[in-house]
Amino acid sequence: MEAVGLKLAVGSGCTVLLPNGNSVAAEVVGFSGDRLFLMPATDVYGLAPGAKVVPAEATEVLPKPGSVPHPRRRAADRARHVPVGYGLLGRVLDGAGQPLDQIGPLQAEHSVPLQNRPFNPLERVTISETLDVGVRAINALLCVGRGQRMGLFAGSGVGKSVLLGMMARYTSADVIVVGLIGERGREVKEFIENILGNEGLARSVVVAAPADTSPLLRLQGAAYATAIAEYFRDQGKHVLLIMDSLTRFAMAQREIALAIGEPPATRGYPPSVFAKLPQLVERAGNGGAGSGSITAFYTVLTEGDDPQDPIADSARAILDGHIVLSRSLSDQGHYPAIDIESSISRVMTSLIAREHFELVRRFKYLYARYQRSRDLISVGAYVAGSDPDLDQAIEFHPKLELFLRQDMFQRENHGDSLKKLAALFDMTQSGISKGVA
C-alpha cells in the first residue's frame with residue numbers, strides 16, 4: 001500500500017482506518033519521495049482508496065533490570081516492540097506477540113525492539129563447550145558447541161521435522177524457543193502436542209506465523225523468536241532456538257521487496273533477501289562474559305533437492321555448519337537420514353580431543369569408500385582382496401549404518417555416543433572426550 005502526508009522511518013508502525021470502523025495494522029517498509037510504502041500485517045478486506053493512515057504511538061519501552069531509560073526514548077521510538085519475559089514460557093504466540101493458545105493474556109515483564117542492533121563480535125564468548133543434542137550421529141560425528149548456529153538442509157518429506165523434534169526433546173537447554181515460520185498451520189498443533197508435549201512446552205515459547213499469514217507477519221515471527229531468545233540469553237540462560245524454516249523467511253522478504261519495486265537478482269530473489277539472512281542469523285550465538293548462549297538450528301528447504309539453491313548456498317556460508325538430510329537414505333527407511341559425507345560442523349575440531357577426531361575421520365573414510373564402490377559391490381563385480389581399504393569398508397559397513405540409525409523416541413546422550421563410536425573400532429572411550437555441557 002502507498003500513503004502520502006506522513007513522514008515516518010522505515011520500520012515504523014501505523015494503522016489504516018477502514019470505512020466499516022475496523023482497522024489494519026501496517027508497517028513502513030520503504031518510501032519514494034513523499035510516498036510511503038506500507039505492508040499490512042493483517043487481512044485488508046474492506047480497504048478502500050483514500051483511507052486514513054494514523055502513525056502508531058511512540059512505544060513506552062519497559063527498561064531492562066538495572067538499566068537507565070533514555071529520557072527521549074518514548075517520544076522518538078515508533079518502531080515495533082514486543083513483549084518478552086518469563087511469563088511467555090509455555091505460551092504459543094503469533095508474529096505480533098498476540099497469544100494463540102487462548103489461555104489468557106500474556107504476563108510479560110518487559111518489552112524490547114523487534115529488531116536488535118548487531119552484536120559486537122569481539123564481545124562474544126568463544127564456543128568451548130560441547131552440547132548434548134540426544135542424537136547419536138550428531139553427538140559423535142558432528143559435535144555441536146553451545147552457542148553454535150547450525151543449518152538443517154533437506155527437501156520436503158525427508159524427516160527434518162522429526163529430527164527437530166528429537167533435538168527439542170533431548171537437547172540440554174534451559175529454555176527452548178521455537179519459530180514456526182511459513183509452514184503448514186496443521187504442523188503447529190502437531191509440533192506442540194506430539195513433539196514438545198506438556199513437559200517440553202513448560203520450558204518453551206512457540207512463535208507461529210503459518211503460510212497463510214502476511215509476509216510481514218512471517219518476517220516479524222522470525223525476528224520475534226530471536227528477540228525472545230536474546231532476552232533469555234541476557235538473563236544468563238542457555239537457549240535452544242529452533243526455526244523452521246529460514247527459507248520461508250527469505251521468501252517473505254522476497255514478497256515484500258518485489259512489491260515495493262526492488263529488482264530480482266538471483267533466481268528471482270532481490271539483493272535485500274541476502275542482506276536480511278545474516279542480520280537474523282548473527283543475532284544468535286554466545287553472548288558476552290557472564291551471559292548465556294543461543295544455540296540455533298535453522299531448517300533450509302532445498303528446492304528440488306538442489307544443494308545449490310541460492311538460499312541454501314547463502315545459508316551454508318553464514319552458518320557454523322550444516323546437517324544435510326538425504327532423500328535416498330529416507331527412501332531406504334534410514335532414519336535420521338543424515339548424509340554424513342555432506343554434513344560438517346565448523347567448530348568440532350576445537351571441541352573434541354585428537355583421539356575422537358581420528359575416530360571420526362576413520363568412520364567417514366570407510367563410509368565414503370564403500371559408497372564410492374557401492375555399484376560394483378552390488379552387482380558382484382568387485383573381487384575381495386583387490387583393495388585392502390575397500391575390504392575393510394565392506395566389513396565395517398553394516399556396523400556403520402547401524403550406528404547412524406536411531407529411533408525417534410530413543411535418546412542417546414553424548415557419553416554413550418562416544419562409547420559406541422569407540423566400540424566400533426575396538427577402542428576405549430578414555431582420551432576421546434573433552435567434556436560435555
# chains A, B, ... in the order shown; residues from 1 in each chain; ligands from 1
call {"tool": "residues_around", "arguments": {"residues": "Ile192 in chain A", "least_positions_apart": "5", "cutoff": "10 Å", "atoms": "only C-alpha atoms", "output": "ChimeraX atom specification"}}
result
/A:92,165,178,187,197-198,200-201,204,206
call {"tool": "select_by_dssp", "arguments": {"residues": "range 197-415 of chain A", "states": "strand (DSSP E)", "output": "PyMOL selection string"}}
result
chain A and resi 204-209+238-244+285-286+293-301+321-324+344-345
call {"tool": "closest_residue", "arguments": {"among": "A:Glu27, A:Asp34, A:Glu199, A:Asp174", "to": "Pro215 in chain A", "atoms": "only C-alpha atoms"}}
result
A:Glu27
call {"tool": "residues_around", "arguments": {"residues": "Val29 in chain A", "least_positions_apart": "6", "cutoff": "12 Å", "atoms": "only C-alpha atoms", "output": "VMD selection string"}}
result
chain A and resid 1 to 3 8 to 14 35 to 41 79 215 to 216 219 253 255 to 262 272
call {"tool": "residues_around", "arguments": {"residues": "Ser172 in chain A", "least_positions_apart": "4", "cutoff": "10 Å", "atoms": "only C-alpha atoms", "output": "list in words"}}
result
Leu131, Asp132, Val133, Gly134, Arg146, Met167, Ala168, Ile176, His238, Val239, Leu240, Asn413 and Ala437 of chain A
call {"tool": "write_last_selection", "arguments": {"atoms": "C-alpha atoms", "output": "CSV table (one decimal), in the first residue's frame"}}
result
chain,number,residue,atom,x,y,z
A,131,LEU,CA,26.3,-29.6,23.6
A,132,ASP,CA,24.4,-32.9,24.0
A,133,VAL,CA,21.6,-33.0,21.5
A,134,GLY,CA,20.5,-36.5,22.2
A,146,ARG,CA,26.9,-24.4,22.9
A,167,MET,CA,16.6,-32.2,19.4
A,168,ALA,CA,13.8,-30.2,21.0
A,176,ILE,CA,13.5,-23.6,24.1
A,238,HIS,CA,21.2,-21.4,27.7
A,239,VAL,CA,18.7,-21.2,25.0
A,240,LEU,CA,17.9,-23.6,22.1
A,413,ASN,CA,23.5,-39.0,25.4
A,437,ALA,CA,27.9,-29.1,28.8
call {"tool": "select_by_dssp", "arguments": {"residues": "range 1-138 of chain A", "states": "alpha helix (DSSP H)", "output": "number ranges by chain"}}
result
A: 73-76, 136-138
call {"tool": "write_last_selection", "arguments": {"atoms": "all heavy atoms", "output": "tab-separated table (two decimals), in the first residue's frame"}}
result
chain	number	residue	atom	x	y	z
A	73	ARG	N	13.55	8.52	24.79
A	73	ARG	CA	13.27	7.28	24.10
A	73	ARG	C	11.79	7.17	23.72
A	73	ARG	O	11.44	6.77	22.63
A	73	ARG	CB	13.66	6.10	24.99
A	73	ARG	CG	13.42	4.73	24.38
A	73	ARG	CD	14.37	4.52	23.23
A	73	ARG	NE	14.21	3.20	22.67
A	73	ARG	CZ	14.80	2.12	23.12
A	73	ARG	NH1	15.60	2.18	24.16
A	73	ARG	NH2	14.61	0.96	22.52
A	74	ARG	N	10.90	7.56	24.63
A	74	ARG	CA	9.48	7.35	24.39
A	74	ARG	C	8.97	8.22	23.25
A	74	ARG	O	8.14	7.80	22.46
A	74	ARG	CB	8.69	7.65	25.67
A	74	ARG	CG	7.24	7.26	25.55
A	74	ARG	CD	6.48	7.57	26.82
A	74	ARG	NE	5.16	6.99	26.78
A	74	ARG	CZ	4.12	7.50	26.13
A	74	ARG	NH1	4.27	8.62	25.45
A	74	ARG	NH2	2.94	6.91	26.13
A	75	ALA	N	9.46	9.45	23.16
A	75	ALA	CA	8.94	10.38	22.16
A	75	ALA	C	9.41	10.01	20.75
A	75	ALA	O	8.75	10.34	19.79
A	75	ALA	CB	9.37	11.80	22.51
A	76	ALA	N	10.57	9.36	20.64
A	76	ALA	CA	11.15	9.15	19.31
A	76	ALA	C	10.95	7.75	18.77
A	76	ALA	O	11.12	7.52	17.59
A	76	ALA	CB	12.66	9.46	19.36
A	136	ARG	N	22.66	-39.64	18.31
A	136	ARG	CA	23.96	-40.30	18.31
A	136	ARG	C	24.86	-39.84	17.16
A	136	ARG	O	26.04	-39.54	17.36
A	136	ARG	CB	23.77	-41.81	18.25
A	136	ARG	CG	25.06	-42.61	18.28
A	136	ARG	CD	24.82	-44.09	18.49
A	136	ARG	NE	23.89	-44.64	17.52
A	136	ARG	CZ	22.70	-45.16	17.82
A	136	ARG	NH1	22.28	-45.17	19.07
A	136	ARG	NH2	21.92	-45.65	16.88
A	137	ALA	N	24.32	-39.77	15.95
A	137	ALA	CA	25.14	-39.40	14.80
A	137	ALA	C	25.69	-37.99	14.94
A	137	ALA	O	26.83	-37.72	14.54
A	137	ALA	CB	24.32	-39.52	13.51
A	138	ILE	N	24.91	-37.08	15.51
A	138	ILE	CA	25.37	-35.70	15.68
A	138	ILE	C	26.34	-35.60	16.84
A	138	ILE	O	27.39	-34.95	16.74
A	138	ILE	CB	24.17	-34.76	15.87
A	138	ILE	CG1	23.25	-34.80	14.65
A	138	ILE	CG2	24.64	-33.33	16.12
A	138	ILE	CD1	21.99	-33.98	14.78
call {"tool": "residues_around", "arguments": {"residues": "Ser245 in chain A", "least_positions_apart": "3", "cutoff": "8 Å", "atoms": "only C-alpha atoms", "output": "PDB file with N, CA, C and O atoms, in the first residue's frame"}}
result
ATOM      1  N   GLY A 179      10.394 -21.210  16.461  1.00  0.00           N
ATOM      2  CA  GLY A 179       9.780 -20.326  15.474  1.00  0.00           C
ATOM      3  C   GLY A 179       9.294 -21.131  14.289  1.00  0.00           C
ATOM      4  O   GLY A 179      10.115 -21.687  13.546  1.00  0.00           O
ATOM      5  N   LEU A 180       7.980 -21.240  14.127  1.00  0.00           N
ATOM      6  CA  LEU A 180       7.394 -21.971  13.001  1.00  0.00           C
ATOM      7  C   LEU A 180       6.975 -20.934  11.966  1.00  0.00           C
ATOM      8  O   LEU A 180       5.903 -20.327  12.068  1.00  0.00           O
ATOM      9  N   ILE A 181       7.823 -20.702  10.990  1.00  0.00           N
ATOM     10  CA  ILE A 181       7.681 -19.582  10.067  1.00  0.00           C
ATOM     11  C   ILE A 181       7.305 -20.087   8.687  1.00  0.00           C
ATOM     12  O   ILE A 181       8.084 -20.814   8.036  1.00  0.00           O
ATOM     13  N   GLY A 182       6.117 -19.733   8.218  1.00  0.00           N
ATOM     14  CA  GLY A 182       5.713 -20.017   6.849  1.00  0.00           C
ATOM     15  C   GLY A 182       5.398 -21.469   6.571  1.00  0.00           C
ATOM     16  O   GLY A 182       5.260 -21.852   5.408  1.00  0.00           O
ATOM     17  N   GLU A 183       5.259 -22.287   7.589  1.00  0.00           N
ATOM     18  CA  GLU A 183       4.951 -23.693   7.374  1.00  0.00           C
ATOM     19  C   GLU A 183       3.442 -23.925   7.435  1.00  0.00           C
ATOM     20  O   GLU A 183       2.666 -23.011   7.670  1.00  0.00           O
ATOM     21  N   ARG A 248      11.480 -19.993   4.264  1.00  0.00           N
ATOM     22  CA  ARG A 248      10.207 -19.258   4.260  1.00  0.00           C
ATOM     23  C   ARG A 248      10.407 -17.816   4.698  1.00  0.00           C
ATOM     24  O   ARG A 248       9.707 -16.911   4.242  1.00  0.00           O
ATOM     25  N   PHE A 249      11.351 -17.590   5.602  1.00  0.00           N
ATOM     26  CA  PHE A 249      11.707 -16.219   5.987  1.00  0.00           C
ATOM     27  C   PHE A 249      12.226 -15.452   4.775  1.00  0.00           C
ATOM     28  O   PHE A 249      11.837 -14.300   4.530  1.00  0.00           O
ATOM     29  N   TYR A 298      18.517 -23.895  12.197  1.00  0.00           N
ATOM     30  CA  TYR A 298      17.659 -23.325  11.165  1.00  0.00           C
ATOM     31  C   TYR A 298      17.446 -24.366  10.074  1.00  0.00           C
ATOM     32  O   TYR A 298      18.421 -24.900   9.527  1.00  0.00           O
ATOM     33  N   THR A 299      16.204 -24.663   9.745  1.00  0.00           N
ATOM     34  CA  THR A 299      15.955 -25.565   8.628  1.00  0.00           C
ATOM     35  C   THR A 299      15.988 -24.772   7.325  1.00  0.00           C
ATOM     36  O   THR A 299      15.532 -23.628   7.263  1.00  0.00           O
ATOM     37  N   VAL A 300      16.554 -25.380   6.310  1.00  0.00           N
ATOM     38  CA  VAL A 300      16.667 -24.762   4.985  1.00  0.00           C
ATOM     39  C   VAL A 300      16.106 -25.744   3.970  1.00  0.00           C
ATOM     40  O   VAL A 300      16.599 -26.874   3.849  1.00  0.00           O
ATOM     41  N   LEU A 301      15.058 -25.335   3.259  1.00  0.00           N
ATOM     42  CA  LEU A 301      14.442 -26.188   2.251  1.00  0.00           C
ATOM     43  C   LEU A 301      15.231 -26.080   0.945  1.00  0.00           C
ATOM     44  O   LEU A 301      15.411 -24.975   0.428  1.00  0.00           O
TER      45      LEU A 301
END
call {"tool": "atom_distance", "arguments": {"atom1": "CA of Ile338 in chain A", "atom2": "CA of Val379 in chain A"}}
result
25.5 Å
call {"tool": "closest_residue", "arguments": {"among": "A:Leu93, A:Lys189, A:Leu6, A:Ser373", "to": "Asp387 in chain A", "atoms": "only C-alpha atoms"}}
result
A:Ser373
call {"tool": "residues_around", "arguments": {"residues": "His414 in chain A", "least_positions_apart": "2", "cutoff": "7 Å", "atoms": "only C-alpha atoms", "output": "MDAnalysis selection string"}}
result
chainID A and resid 132 134 139 412 416:418
call {"tool": "write_last_selection", "arguments": {"atoms": "N, CA, C and O atoms", "output": "short mmCIF file (atom, residue, chain, number, x, y, z; two decimals), in the first residue's frame"}}
result
data_model
loop_
_atom_site.label_atom_id
_atom_site.label_comp_id
_atom_site.auth_asym_id
_atom_site.auth_seq_id
_atom_site.Cartn_x
_atom_site.Cartn_y
_atom_site.Cartn_z
N ASP A 132 25.04 -31.55 24.21
CA ASP A 132 24.42 -32.86 24.01
C ASP A 132 23.05 -32.65 23.40
O ASP A 132 22.15 -32.07 24.01
N GLY A 134 21.25 -35.31 22.03
CA GLY A 134 20.48 -36.54 22.16
C GLY A 134 20.42 -37.40 20.91
O GLY A 134 19.73 -38.42 20.91
N ASN A 139 26.02 -36.22 17.96
CA ASN A 139 26.91 -36.16 19.13
C ASN A 139 28.29 -36.70 18.83
O ASN A 139 29.30 -36.13 19.27
N GLU A 412 20.04 -40.69 23.00
CA GLU A 412 21.42 -41.19 23.09
C GLU A 412 22.28 -40.04 23.58
O GLU A 412 22.54 -39.08 22.83
N ASP A 416 27.36 -41.94 25.92
CA ASP A 416 27.05 -43.22 25.29
C ASP A 416 27.39 -43.21 23.80
O ASP A 416 27.81 -44.23 23.24
N SER A 417 27.19 -42.06 23.16
CA SER A 417 27.53 -41.95 21.73
C SER A 417 29.02 -42.18 21.50
O SER A 417 29.43 -42.88 20.57
N LEU A 418 29.85 -41.58 22.38
CA LEU A 418 31.29 -41.76 22.24
C LEU A 418 31.71 -43.20 22.54
O LEU A 418 32.61 -43.74 21.89
#
call {"tool": "closest_residue", "arguments": {"among": "A:Glu358, A:Pro336, A:Leu18, A:Val112", "to": "Ala422 in chain A", "atoms": "only C-alpha atoms"}}
result
A:Glu358
call {"tool": "residues_around", "arguments": {"residues": "Gly95 in chain A", "least_positions_apart": "3", "cutoff": "8 Å", "atoms": "only C-alpha atoms", "output": "NGL selection string"}}
result
:A and (98 or 207-209 or 217-222 or 224)
call {"tool": "closest_residue", "arguments": {"among": "A:Tyr86, A:Tyr370, A:Phe119, A:Phe396", "to": "Leu106 in chain A", "atoms": "only C-alpha atoms"}}
result
A:Tyr86
call {"tool": "atom_distance", "arguments": {"atom1": "CA of Leu246 in chain A", "atom2": "CA of His81 in chain A"}}
result
22.1 Å
call {"tool": "decode", "arguments": {"residues": "range 109-153 of chain A", "atoms": "N, CA and C atoms", "output": "PDB file, in the first residue's frame"}}
result
ATOM      1  N   GLU A 109       6.995  -9.304  31.470  1.00  0.00           N
ATOM      2  CA  GLU A 109       7.628  -8.334  32.364  1.00  0.00           C
ATOM      3  C   GLU A 109       8.269  -7.167  31.618  1.00  0.00           C
ATOM      4  N   HIS A 110       8.679  -7.386  30.368  1.00  0.00           N
ATOM      5  CA  HIS A 110       9.435  -6.371  29.636  1.00  0.00           C
ATOM      6  C   HIS A 110       8.988  -6.346  28.179  1.00  0.00           C
ATOM      7  N   SER A 111       9.390  -5.296  27.484  1.00  0.00           N
ATOM      8  CA  SER A 111       9.214  -5.232  26.040  1.00  0.00           C
ATOM      9  C   SER A 111      10.522  -4.760  25.420  1.00  0.00           C
ATOM     10  N   VAL A 112      10.815  -5.261  24.226  1.00  0.00           N
ATOM     11  CA  VAL A 112      12.071  -4.952  23.561  1.00  0.00           C
ATOM     12  C   VAL A 112      11.791  -4.635  22.099  1.00  0.00           C
ATOM     13  N   PRO A 113      12.695  -3.943  21.426  1.00  0.00           N
ATOM     14  CA  PRO A 113      12.507  -3.709  19.987  1.00  0.00           C
ATOM     15  C   PRO A 113      12.525  -5.020  19.223  1.00  0.00           C
ATOM     16  N   LEU A 114      11.710  -5.081  18.183  1.00  0.00           N
ATOM     17  CA  LEU A 114      11.663  -6.297  17.368  1.00  0.00           C
ATOM     18  C   LEU A 114      12.993  -6.516  16.649  1.00  0.00           C
ATOM     19  N   GLN A 115      13.601  -5.441  16.186  1.00  0.00           N
ATOM     20  CA  GLN A 115      14.894  -5.542  15.502  1.00  0.00           C
ATOM     21  C   GLN A 115      15.978  -5.035  16.433  1.00  0.00           C
ATOM     22  N   ASN A 116      16.956  -5.879  16.732  1.00  0.00           N
ATOM     23  CA  ASN A 116      18.022  -5.519  17.662  1.00  0.00           C
ATOM     24  C   ASN A 116      19.263  -5.080  16.907  1.00  0.00           C
ATOM     25  N   ARG A 117      20.124  -4.375  17.594  1.00  0.00           N
ATOM     26  CA  ARG A 117      21.374  -3.935  16.975  1.00  0.00           C
ATOM     27  C   ARG A 117      22.347  -5.107  16.863  1.00  0.00           C
ATOM     28  N   PRO A 118      23.257  -5.054  15.873  1.00  0.00           N
ATOM     29  CA  PRO A 118      24.229  -6.146  15.728  1.00  0.00           C
ATOM     30  C   PRO A 118      25.111  -6.274  16.967  1.00  0.00           C
ATOM     31  N   PHE A 119      25.508  -7.510  17.245  1.00  0.00           N
ATOM     32  CA  PHE A 119      26.349  -7.800  18.403  1.00  0.00           C
ATOM     33  C   PHE A 119      27.806  -7.607  18.014  1.00  0.00           C
ATOM     34  N   ASN A 120      28.568  -6.952  18.877  1.00  0.00           N
ATOM     35  CA  ASN A 120      29.997  -6.771  18.628  1.00  0.00           C
ATOM     36  C   ASN A 120      30.674  -8.137  18.662  1.00  0.00           C
ATOM     37  N   PRO A 121      31.264  -8.581  17.543  1.00  0.00           N
ATOM     38  CA  PRO A 121      31.848  -9.945  17.529  1.00  0.00           C
ATOM     39  C   PRO A 121      32.975 -10.133  18.523  1.00  0.00           C
ATOM     40  N   LEU A 122      33.676  -9.052  18.889  1.00  0.00           N
ATOM     41  CA  LEU A 122      34.784  -9.187  19.834  1.00  0.00           C
ATOM     42  C   LEU A 122      34.302  -9.341  21.268  1.00  0.00           C
ATOM     43  N   GLU A 123      33.025  -9.077  21.521  1.00  0.00           N
ATOM     44  CA  GLU A 123      32.485  -9.238  22.867  1.00  0.00           C
ATOM     45  C   GLU A 123      31.903 -10.619  23.107  1.00  0.00           C
ATOM     46  N   ARG A 124      31.782 -11.420  22.064  1.00  0.00           N
ATOM     47  CA  ARG A 124      31.213 -12.752  22.220  1.00  0.00           C
ATOM     48  C   ARG A 124      32.204 -13.696  22.904  1.00  0.00           C
ATOM     49  N   VAL A 125      31.672 -14.557  23.742  1.00  0.00           N
ATOM     50  CA  VAL A 125      32.477 -15.622  24.325  1.00  0.00           C
ATOM     51  C   VAL A 125      32.665 -16.716  23.277  1.00  0.00           C
ATOM     52  N   THR A 126      33.860 -17.239  23.141  1.00  0.00           N
ATOM     53  CA  THR A 126      34.116 -18.272  22.136  1.00  0.00           C
ATOM     54  C   THR A 126      33.395 -19.571  22.502  1.00  0.00           C
ATOM     55  N   ILE A 127      33.100 -20.368  21.495  1.00  0.00           N
ATOM     56  CA  ILE A 127      32.418 -21.649  21.703  1.00  0.00           C
ATOM     57  C   ILE A 127      33.434 -22.651  22.228  1.00  0.00           C
ATOM     58  N   SER A 128      33.200 -23.136  23.436  1.00  0.00           N
ATOM     59  CA  SER A 128      34.184 -24.025  24.063  1.00  0.00           C
ATOM     60  C   SER A 128      33.551 -25.240  24.723  1.00  0.00           C
ATOM     61  N   GLU A 129      32.222 -25.349  24.736  1.00  0.00           N
ATOM     62  CA  GLU A 129      31.551 -26.464  25.397  1.00  0.00           C
ATOM     63  C   GLU A 129      30.758 -27.270  24.373  1.00  0.00           C
ATOM     64  N   THR A 130      30.832 -28.571  24.499  1.00  0.00           N
ATOM     65  CA  THR A 130      30.064 -29.454  23.624  1.00  0.00           C
ATOM     66  C   THR A 130      28.632 -29.545  24.137  1.00  0.00           C
ATOM     67  N   LEU A 131      27.681 -29.499  23.223  1.00  0.00           N
ATOM     68  CA  LEU A 131      26.267 -29.562  23.583  1.00  0.00           C
ATOM     69  C   LEU A 131      25.717 -30.942  23.254  1.00  0.00           C
ATOM     70  N   ASP A 132      25.040 -31.553  24.209  1.00  0.00           N
ATOM     71  CA  ASP A 132      24.421 -32.857  24.011  1.00  0.00           C
ATOM     72  C   ASP A 132      23.047 -32.648  23.395  1.00  0.00           C
ATOM     73  N   VAL A 133      22.841 -33.118  22.142  1.00  0.00           N
ATOM     74  CA  VAL A 133      21.557 -32.954  21.453  1.00  0.00           C
ATOM     75  C   VAL A 133      20.725 -34.235  21.459  1.00  0.00           C
ATOM     76  N   GLY A 134      21.252 -35.313  22.034  1.00  0.00           N
ATOM     77  CA  GLY A 134      20.483 -36.542  22.157  1.00  0.00           C
ATOM     78  C   GLY A 134      20.416 -37.399  20.913  1.00  0.00           C
ATOM     79  N   VAL A 135      21.113 -37.006  19.841  1.00  0.00           N
ATOM     80  CA  VAL A 135      21.125 -37.774  18.587  1.00  0.00           C
ATOM     81  C   VAL A 135      22.532 -38.326  18.391  1.00  0.00           C
ATOM     82  N   ARG A 136      22.655 -39.639  18.307  1.00  0.00           N
ATOM     83  CA  ARG A 136      23.965 -40.297  18.307  1.00  0.00           C
ATOM     84  C   ARG A 136      24.859 -39.835  17.165  1.00  0.00           C
ATOM     85  N   ALA A 137      24.318 -39.770  15.951  1.00  0.00           N
ATOM     86  CA  ALA A 137      25.137 -39.405  14.795  1.00  0.00           C
ATOM     87  C   ALA A 137      25.693 -37.991  14.938  1.00  0.00           C
ATOM     88  N   ILE A 138      24.909 -37.083  15.513  1.00  0.00           N
ATOM     89  CA  ILE A 138      25.366 -35.700  15.676  1.00  0.00           C
ATOM     90  C   ILE A 138      26.341 -35.600  16.836  1.00  0.00           C
ATOM     91  N   ASN A 139      26.024 -36.217  17.964  1.00  0.00           N
ATOM     92  CA  ASN A 139      26.906 -36.158  19.131  1.00  0.00           C
ATOM     93  C   ASN A 139      28.294 -36.699  18.830  1.00  0.00           C
ATOM     94  N   ALA A 140      28.366 -37.803  18.091  1.00  0.00           N
ATOM     95  CA  ALA A 140      29.649 -38.469  17.876  1.00  0.00           C
ATOM     96  C   ALA A 140      30.407 -37.949  16.658  1.00  0.00           C
ATOM     97  N   LEU A 141      29.691 -37.630  15.574  1.00  0.00           N
ATOM     98  CA  LEU A 141      30.354 -37.322  14.309  1.00  0.00           C
ATOM     99  C   LEU A 141      30.243 -35.870  13.877  1.00  0.00           C
ATOM    100  N   LEU A 142      29.291 -35.123  14.419  1.00  0.00           N
ATOM    101  CA  LEU A 142      29.087 -33.718  14.043  1.00  0.00           C
ATOM    102  C   LEU A 142      28.893 -32.892  15.302  1.00  0.00           C
ATOM    103  N   CYS A 143      29.852 -32.916  16.193  1.00  0.00           N
ATOM    104  CA  CYS A 143      29.693 -32.311  17.514  1.00  0.00           C
ATOM    105  C   CYS A 143      29.259 -30.850  17.406  1.00  0.00           C
ATOM    106  N   VAL A 144      28.208 -30.513  18.164  1.00  0.00           N
ATOM    107  CA  VAL A 144      27.669 -29.159  18.186  1.00  0.00           C
ATOM    108  C   VAL A 144      28.122 -28.476  19.465  1.00  0.00           C
ATOM    109  N   GLY A 145      28.603 -27.249  19.344  1.00  0.00           N
ATOM    110  CA  GLY A 145      29.027 -26.488  20.507  1.00  0.00           C
ATOM    111  C   GLY A 145      27.910 -25.594  21.013  1.00  0.00           C
ATOM    112  N   ARG A 146      27.939 -25.328  22.315  1.00  0.00           N
ATOM    113  CA  ARG A 146      26.936 -24.434  22.894  1.00  0.00           C
ATOM    114  C   ARG A 146      27.155 -23.023  22.355  1.00  0.00           C
ATOM    115  N   GLY A 147      26.157 -22.487  21.682  1.00  0.00           N
ATOM    116  CA  GLY A 147      26.270 -21.184  21.044  1.00  0.00           C
ATOM    117  C   GLY A 147      26.506 -21.266  19.546  1.00  0.00           C
ATOM    118  N   GLN A 148      26.507 -22.484  18.997  1.00  0.00           N
ATOM    119  CA  GLN A 148      26.731 -22.661  17.558  1.00  0.00           C
ATOM    120  C   GLN A 148      25.422 -22.468  16.792  1.00  0.00           C
ATOM    121  N   ARG A 149      25.532 -22.099  15.516  1.00  0.00           N
ATOM    122  CA  ARG A 149      24.360 -21.927  14.646  1.00  0.00           C
ATOM    123  C   ARG A 149      24.480 -22.906  13.490  1.00  0.00           C
ATOM    124  N   MET A 150      23.580 -23.872  13.471  1.00  0.00           N
ATOM    125  CA  MET A 150      23.630 -24.966  12.504  1.00  0.00           C
ATOM    126  C   MET A 150      22.444 -24.886  11.553  1.00  0.00           C
ATOM    127  N   GLY A 151      22.670 -25.308  10.325  1.00  0.00           N
ATOM    128  CA  GLY A 151      21.601 -25.406   9.347  1.00  0.00           C
ATOM    129  C   GLY A 151      21.204 -26.857   9.147  1.00  0.00           C
ATOM    130  N   LEU A 152      19.916 -27.084   8.970  1.00  0.00           N
ATOM    131  CA  LEU A 152      19.391 -28.421   8.691  1.00  0.00           C
ATOM    132  C   LEU A 152      18.832 -28.379   7.274  1.00  0.00           C
ATOM    133  N   PHE A 153      19.591 -28.920   6.302  1.00  0.00           N
ATOM    134  CA  PHE A 153      19.265 -28.800   4.887  1.00  0.00           C
ATOM    135  C   PHE A 153      18.528 -30.051   4.435  1.00  0.00           C
TER     136      PHE A 153
END
